[in-house]
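The file protein_9.csv contains CSV, C-alpha atoms:
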chain,number,residue,atom,x,y,z
I,474,MET,CA,21.3,-52.2,-47.0
I,475,HIS,CA,23.4,-52.0,-43.8
I,476,ASN,CA,26.4,-50.6,-45.7
I,477,GLY,CA,24.6,-47.2,-46.0
I,478,PHE,CA,24.7,-46.9,-42.3
I,479,LYS,CA,28.4,-46.5,-42.3
I,480,GLY,CA,27.9,-42.9,-43.5
I,481,VAL,CA,25.4,-42.1,-40.7
I,482,PRO,CA,26.8,-40.8,-37.4
I,483,PRO,CA,25.4,-42.2,-34.1
I,484,THR,CA,24.3,-38.6,-33.3
I,485,THR,CA,21.8,-38.6,-36.3
I,486,LEU,CA,20.6,-42.1,-35.4
I,487,ALA,CA,20.1,-41.1,-31.7
I,488,ASP,CA,18.0,-38.1,-32.8
I,489,LEU,CA,15.7,-40.5,-34.7
I,490,LEU,CA,15.7,-43.5,-32.4
I,491,GLY,CA,15.9,-42.0,-28.9
I,492,ARG,CA,17.8,-42.7,-25.7
I,493,GLU,CA,16.6,-46.3,-25.3
I,494,GLN,CA,18.5,-47.5,-28.5
I,495,VAL,CA,21.8,-45.9,-27.3
I,496,MET,CA,24.2,-48.0,-25.3
I,497,ASP,CA,25.5,-46.5,-22.0
I,498,ILE,CA,28.7,-44.5,-21.9
I,499,GLY,CA,30.7,-47.3,-20.2
I,500,ILE,CA,31.0,-49.1,-23.5
I,501,ARG,CA,33.4,-47.1,-25.6
I,502,PRO,CA,36.1,-47.4,-28.3
I,503,LEU,CA,39.3,-48.8,-26.7
I,504,TRP,CA,41.4,-47.1,-29.4
I,505,ASP,CA,40.7,-44.4,-32.0
I,506,ALA,CA,38.8,-46.7,-34.3
I,507,PRO,CA,36.9,-45.6,-37.4
I,508,ARG,CA,33.1,-45.8,-37.4
I,509,VAL,CA,31.8,-49.3,-37.9
I,510,ALA,CA,28.3,-50.4,-39.0
I,511,GLY,CA,26.9,-53.9,-39.5
I,512,PRO,CA,24.3,-56.4,-38.5
I,513,ALA,CA,24.5,-57.8,-35.0
I,514,TYR,CA,25.7,-61.3,-34.3
I,515,THR,CA,24.6,-61.8,-30.8
I,516,VAL,CA,26.4,-63.7,-28.1
I,517,ARG,CA,25.8,-64.3,-24.4
I,518,CYS,CA,28.7,-65.5,-22.3
I,519,GLU,CA,28.4,-66.7,-18.7
I,520,PRO,CA,30.2,-64.6,-16.1
I,521,GLY,CA,33.9,-65.3,-16.0
I,522,ASP,CA,33.7,-67.4,-19.2
I,523,ASN,CA,34.4,-66.5,-22.9
I,524,LEU,CA,33.7,-69.8,-24.7
I,525,MET,CA,30.8,-68.5,-26.7
I,526,LEU,CA,32.6,-65.4,-28.0
I,527,HIS,CA,35.5,-67.7,-29.1
I,528,ALA,CA,32.9,-69.9,-30.8
I,529,ALA,CA,31.2,-66.9,-32.5
I,530,ILE,CA,34.2,-65.8,-34.4
I,531,TYR,CA,34.0,-69.0,-36.5
I,532,ARG,CA,30.2,-68.6,-37.1
I,533,ALA,CA,29.6,-64.9,-37.6
I,534,GLU,CA,29.2,-63.7,-41.2
I,535,PRO,CA,31.8,-61.3,-42.6
I,536,GLY,CA,30.7,-57.7,-42.1
I,537,SER,CA,28.8,-58.5,-38.9
I,538,VAL,CA,29.4,-56.8,-35.5
I,539,VAL,CA,29.8,-59.3,-32.7
I,540,VAL,CA,27.7,-58.0,-29.8
I,541,VAL,CA,28.4,-59.8,-26.4
I,542,GLU,CA,26.5,-59.8,-23.1
I,543,SER,CA,29.0,-61.0,-20.6
I,544,GLY,CA,27.9,-60.5,-17.0
I,545,ASP,CA,31.3,-59.7,-15.4
I,546,LEU,CA,34.1,-57.2,-15.2
I,547,ASP,CA,36.7,-59.6,-13.8
I,548,TYR,CA,38.0,-61.5,-16.8
I,549,ALA,CA,38.8,-60.7,-20.4
I,550,LEU,CA,36.4,-61.9,-23.1
I,551,ALA,CA,39.1,-61.8,-25.8
I,552,GLY,CA,42.7,-61.1,-26.5
I,553,GLY,CA,45.0,-60.3,-29.4
I,554,ASN,CA,44.7,-63.6,-31.3
I,555,VAL,CA,41.0,-63.9,-31.0
I,556,CYS,CA,40.6,-60.3,-32.3
I,557,ALA,CA,43.2,-61.1,-35.1
I,558,VAL,CA,41.2,-64.2,-36.2
I,559,ALA,CA,37.9,-62.2,-36.1
I,560,GLN,CA,39.5,-59.5,-38.2
I,561,ARG,CA,40.9,-62.1,-40.7
I,562,ARG,CA,37.5,-63.7,-41.0
I,563,GLY,CA,35.9,-60.3,-42.0
I,564,ILE,CA,34.1,-59.5,-38.7
I,565,ALA,CA,33.6,-55.7,-38.6
I,566,ALA,CA,34.0,-55.1,-34.8
I,567,PHE,CA,33.4,-56.4,-31.3
I,568,VAL,CA,30.9,-54.6,-29.1
I,569,LEU,CA,31.4,-56.1,-25.6
I,570,ASP,CA,29.6,-55.5,-22.3
I,571,GLY,CA,32.8,-56.6,-20.7
I,572,LEU,CA,36.6,-56.5,-21.0
I,573,VAL,CA,39.5,-57.4,-23.3
I,574,ARG,CA,43.2,-57.9,-23.0
I,575,ASP,CA,46.3,-57.4,-25.3
I,576,LEU,CA,45.0,-54.0,-26.2
I,577,ALA,CA,48.3,-52.9,-27.8
I,578,GLU,CA,48.1,-55.9,-30.2
I,579,VAL,CA,44.4,-55.1,-31.1
I,580,ARG,CA,45.2,-51.5,-31.7
I,581,GLU,CA,48.2,-52.3,-33.8
I,582,ALA,CA,46.1,-54.7,-35.9
I,583,GLY,CA,43.5,-52.0,-36.4
I,584,PHE,CA,40.6,-54.2,-35.2
I,585,PRO,CA,37.7,-52.0,-33.8
I,586,VAL,CA,36.8,-53.0,-30.2
I,587,PHE,CA,34.1,-51.2,-28.1
I,588,ALA,CA,34.1,-52.5,-24.5
I,589,ARG,CA,34.1,-51.5,-20.9
I,590,GLY,CA,37.9,-51.6,-20.5
I,591,VAL,CA,40.9,-53.8,-20.3
I,592,ILE,CA,42.1,-56.5,-17.8
I,593,PRO,CA,45.0,-58.9,-18.1
I,594,VAL,CA,43.2,-61.9,-16.7
I,595,PRO,CA,41.7,-64.4,-19.3
I,596,GLY,CA,38.3,-65.9,-18.9
I,597,GLY,CA,37.5,-69.6,-18.8
I,598,LYS,CA,36.1,-71.8,-21.5
I,599,LYS,CA,33.8,-74.2,-19.6
I,600,LYS,CA,30.3,-72.8,-19.7
I,601,LEU,CA,27.7,-72.8,-22.5
I,602,GLY,CA,26.1,-69.5,-23.1
I,603,ARG,CA,24.1,-68.7,-26.2
I,604,LEU,CA,24.6,-67.7,-29.8
I,605,GLY,CA,22.0,-65.8,-31.9
I,606,GLY,CA,19.4,-65.0,-29.2
I,607,PRO,CA,18.3,-61.6,-27.8
I,608,VAL,CA,20.9,-60.0,-25.5
I,609,ARG,CA,21.1,-56.9,-23.4
I,610,VAL,CA,24.3,-54.9,-23.9
I,611,GLY,CA,25.0,-51.5,-22.5
I,612,GLY,CA,21.3,-51.3,-21.4
I,613,VAL,CA,20.0,-51.9,-24.9
I,614,GLY,CA,18.1,-55.0,-26.1
I,615,VAL,CA,19.8,-56.3,-29.2
I,616,HIS,CA,18.5,-59.0,-31.6
I,617,PRO,CA,20.3,-60.8,-34.4
I,618,GLY,CA,20.4,-58.7,-37.5
I,619,ASP,CA,19.8,-55.3,-35.7
I,620,ILE,CA,22.1,-52.7,-37.2
I,621,VAL,CA,24.9,-51.6,-34.9
I,622,VAL,CA,26.6,-48.3,-35.6
I,623,ALA,CA,29.5,-47.4,-33.3
I,624,ASP,CA,32.2,-44.7,-33.2
I,625,GLU,CA,33.7,-42.2,-30.7
I,626,GLU,CA,30.2,-40.6,-30.3
I,627,GLY,CA,28.6,-43.8,-29.0
I,628,ILE,CA,26.8,-46.9,-30.1
I,629,VAL,CA,23.3,-47.0,-31.5
I,630,VAL,CA,21.2,-50.0,-32.3
I,631,THR,CA,18.6,-49.8,-35.1
I,632,PRO,CA,16.0,-52.6,-34.9
I,633,ALA,CA,16.2,-54.8,-38.0
I,634,ALA,CA,12.5,-54.2,-38.8
I,635,ARG,CA,13.0,-50.4,-39.0
I,636,ARG,CA,16.3,-50.5,-40.9
I,637,GLU,CA,15.1,-49.1,-44.2
I,638,GLU,CA,12.8,-46.4,-42.6
I,639,ILE,CA,15.6,-45.2,-40.3
I,640,LEU,CA,18.3,-45.2,-43.0
I,641,ARG,CA,16.1,-43.2,-45.3
I,642,ALA,CA,15.2,-40.7,-42.5
I,643,ALA,CA,18.9,-40.4,-41.5
I,644,LEU,CA,20.1,-39.7,-45.0
I,645,ASP,CA,17.3,-37.1,-45.5
I,646,LYS,CA,18.3,-35.4,-42.2
I,647,LEU,CA,22.0,-35.4,-43.1
I,648,ALA,CA,21.3,-33.9,-46.6
I,649,ARG,CA,19.2,-31.1,-45.0
I,650,ALA,CA,21.9,-30.3,-42.5
I,651,ALA,CA,24.6,-30.2,-45.3
I,652,GLY,CA,22.5,-27.6,-47.2
I,653,GLU,CA,22.0,-25.3,-44.2
I,654,SER,CA,24.5,-22.5,-43.4
I,655,LEU,CA,25.6,-21.9,-39.8
I,656,ASP,CA,23.9,-18.4,-40.0
I,657,ALA,CA,20.6,-20.0,-40.8
I,658,TRP,CA,21.0,-22.6,-38.1
I,659,GLU,CA,21.9,-19.9,-35.5
I,660,GLU,CA,18.9,-17.8,-36.4
I,661,GLN,CA,16.5,-20.8,-36.0
I,662,HIS,CA,18.3,-22.0,-32.9
I,663,ARG,CA,18.2,-18.6,-31.2
I,664,ALA,CA,14.5,-18.2,-31.9
I,665,ARG,CA,13.8,-21.6,-30.5
I,666,ILE,CA,15.8,-21.0,-27.3
I,667,GLU,CA,14.2,-17.6,-26.7
I,668,LYS,CA,10.8,-19.1,-27.2
I,669,ALA,CA,11.6,-21.9,-24.7
I,670,LEU,CA,12.9,-19.3,-22.1
I,671,SER,CA,9.9,-17.0,-22.4
I,672,GLY,CA,7.6,-20.0,-22.1
I,673,LEU,CA,9.2,-20.7,-18.8
I,674,GLY,CA,8.9,-17.1,-17.6
I,675,PHE,CA,12.5,-16.2,-18.0
I,676,THR,CA,13.1,-12.5,-18.8
I,677,GLY,CA,16.8,-12.1,-18.4
Conversion result in structure tokens:
Amino acid sequence: MHNGFKGVPPTTLADLLGREQVMDIGIRPLWDAPRVAGPAYTVRCEPGDNLMLHAAIYRAEPGSVVVVESGDLDYALAGGNVCAVAQRRGIAAFVLDGLVRDLAEVREAGFPVFARGVIPVPGGKKKLGRLGGPVRVGGVGVHPGDIVVADEEGIVVTPAARREEILRAALDKLARAAGESLDAWEEQHRARIEKALSGLGFTG
């Protein structure tokens, strides 16, 4: 079912789900990656440590999006080899509330990474965090199996329990938009804007 989400832009999902399901703008694509969509495999790393993300790449199912709560912006959660192994194992993408390194390698390999940025300093591997529990990433609560859709427009999380309902509504919305001309859209838009202005007492 989650495969259908790859055809749905984050903008459409944001219209349906609202601001609280959209990650903050600090988590962004680190290269011009294509849209990704898949069920969340959730990870919590302790500040300064990346052990649990490194463990996750051997445990996450192919097609999943590894979503990491990290707690710091001082150390990299992953580098080129970790991303390459994740890619080889069929993981769709990383969405990290943190940093990576070896960005040139990651970009060259074509592995989608959404994160807060890049730093050359590696994290440690000494602290147990958690795999498979609820996490908070980019201000959004994410549970295992929630559907994550990410591209250059942003990252939207669809709760697993609403997956079918939201996908159906999104595909309906896209089909309606595809059948509407710009002239028709402009006519409706202008009427809506003028009504809003007059309702606020604007007469210019």
**Fill in**
Of I:Lys479, I:Gly499, I:Gly612, I:Arg603, the one nearest to His527 in chain I when counting all atoms listed in the file is I:Arg603
**Request:** Kindly indicate which residue among I:Val495, I:Val481, I:Ala513, I:Met525 lies nearest to Pro617 in chain I, using all atoms listed in the file for the distances.
**Result:**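 That would be I:Ala513, the residue with the smallest distance to Pro617 in chain I.
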**Item:** Among the residues I:Gly552, I:Gly544, I:Pro585, I:Gly536, the one that comes closest to Pro502 in chain I [using only C-alpha atoms]
**Value:**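 The closest residue to Pro502 in chain I is I:Pro585.
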**Counting only C-alpha atoms, the residue of I:Asp619, I:Asp505, I:Glu667, I:Asp575 that sits nearest Phe478 in chain I** =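 Checking each of I:Asp619, I:Asp505, I:Glu667, I:Asp575 against Phe478 in chain I, counting only C-alpha atoms, the winner is I:Asp619.
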**Request:** Rank nothing, just name the residue among I:Tyr531, I:Val594, I:Val615, I:Leu670 nearest to Glu493 in chain I, using all atoms listed in the file.
**Result:**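 The answer is I:Val615, which sits nearest to Glu493 in chain I.
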**Message:** Counting all atoms listed in the file, which residue out of I:Gln661, I:Thr515, I:Gln494, I:Gln560 sits closest to Val613 in chain I?
**Reply:**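 Ranking I:Gln661, I:Thr515, I:Gln494, I:Gln560 by distance to Val613 in chain I, first place goes to I:Gln494.
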**Distance of CA of Gly563 in chain I from CA of Ala582 in chain I, expressed in Å to one decimal place** =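 One can read the CA of Ala582 in chain I to CA of Gly563 in chain I distance as 13.1 Å.
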All heavy atoms for range 586-597 of chain I, written as a CSV table (one decimal), in the frame of the given file, could you do that?
chain,number,residue,atom,x,y,z
I,586,VAL,N,37.4,-52.4,-31.4
I,586,VAL,CA,36.8,-53.0,-30.2
I,586,VAL,C,36.2,-51.9,-29.3
I,586,VAL,O,36.8,-51.0,-29.0
I,586,VAL,CB,37.8,-53.8,-29.4
I,586,VAL,CG1,37.2,-54.3,-28.1
I,586,VAL,CG2,38.4,-55.0,-30.2
I,587,PHE,N,34.9,-52.1,-29.0
I,587,PHE,CA,34.1,-51.2,-28.1
I,587,PHE,C,33.8,-52.1,-26.9
I,587,PHE,O,33.2,-53.1,-27.0
I,587,PHE,CB,32.9,-50.7,-28.8
I,587,PHE,CG,33.1,-49.9,-30.0
I,587,PHE,CD1,33.5,-50.5,-31.2
I,587,PHE,CD2,33.1,-48.5,-30.0
I,587,PHE,CE1,33.7,-49.8,-32.4
I,587,PHE,CE2,33.3,-47.8,-31.1
I,587,PHE,CZ,33.7,-48.4,-32.3
I,588,ALA,N,34.3,-51.6,-25.7
I,588,ALA,CA,34.1,-52.5,-24.5
I,588,ALA,C,34.2,-51.6,-23.3
I,588,ALA,O,34.3,-50.4,-23.4
I,588,ALA,CB,35.2,-53.5,-24.5
I,589,ARG,N,34.1,-52.2,-22.1
I,589,ARG,CA,34.1,-51.5,-20.9
I,589,ARG,C,35.5,-51.2,-20.4
I,589,ARG,O,35.7,-50.4,-19.5
I,589,ARG,CB,33.3,-52.2,-19.8
I,589,ARG,CG,31.8,-52.1,-20.1
I,589,ARG,CD,30.9,-52.4,-18.9
I,589,ARG,NE,29.5,-52.4,-19.2
I,589,ARG,CZ,28.8,-51.3,-19.3
I,589,ARG,NH1,29.3,-50.1,-19.0
I,589,ARG,NH2,27.5,-51.4,-19.6
I,590,GLY,N,36.5,-51.9,-21.0
I,590,GLY,CA,37.9,-51.6,-20.5
I,590,GLY,C,38.8,-52.8,-20.8
I,590,GLY,O,38.4,-53.7,-21.6
I,591,VAL,N,39.9,-52.8,-20.0
I,591,VAL,CA,40.9,-53.8,-20.3
I,591,VAL,C,41.3,-54.4,-18.9
I,591,VAL,O,41.4,-53.8,-17.9
I,591,VAL,CB,42.2,-53.1,-20.9
I,591,VAL,CG1,43.3,-54.1,-21.1
I,591,VAL,CG2,41.8,-52.3,-22.1
I,592,ILE,N,41.6,-55.7,-19.0
I,592,ILE,CA,42.1,-56.5,-17.8
I,592,ILE,C,43.0,-57.6,-18.3
I,592,ILE,O,42.7,-58.2,-19.4
I,592,ILE,CB,40.9,-57.0,-16.9
I,592,ILE,CG1,41.4,-57.3,-15.5
I,592,ILE,CG2,40.3,-58.2,-17.6
I,592,ILE,CD1,40.3,-57.6,-14.5
I,593,PRO,N,44.1,-57.9,-17.6
I,593,PRO,CA,45.0,-58.9,-18.1
I,593,PRO,C,44.7,-60.3,-17.9
I,593,PRO,O,45.4,-61.2,-18.3
I,593,PRO,CB,46.4,-58.5,-17.5
I,593,PRO,CG,46.0,-57.9,-16.2
I,593,PRO,CD,44.7,-57.1,-16.5
I,594,VAL,N,43.5,-60.6,-17.2
I,594,VAL,CA,43.2,-61.9,-16.7
I,594,VAL,C,42.2,-62.6,-17.7
I,594,VAL,O,41.2,-62.0,-18.0
I,594,VAL,CB,42.5,-61.9,-15.4
I,594,VAL,CG1,42.3,-63.3,-14.8
I,594,VAL,CG2,43.2,-61.0,-14.4
I,595,PRO,N,42.6,-63.7,-18.3
I,595,PRO,CA,41.7,-64.4,-19.3
I,595,PRO,C,40.5,-65.1,-18.6
I,595,PRO,O,40.6,-65.6,-17.5
I,595,PRO,CB,42.6,-65.4,-20.0
I,595,PRO,CG,43.6,-65.8,-18.9
I,595,PRO,CD,43.8,-64.5,-18.1
I,596,GLY,N,39.4,-65.1,-19.3
I,596,GLY,CA,38.3,-65.9,-18.9
I,596,GLY,C,38.4,-67.3,-19.1
I,596,GLY,O,39.3,-67.8,-19.9
I,597,GLY,N,37.5,-68.1,-18.5
I,597,GLY,CA,37.5,-69.6,-18.8
I,597,GLY,C,36.8,-70.0,-20.0
I,597,GLY,O,36.2,-69.1,-20.7
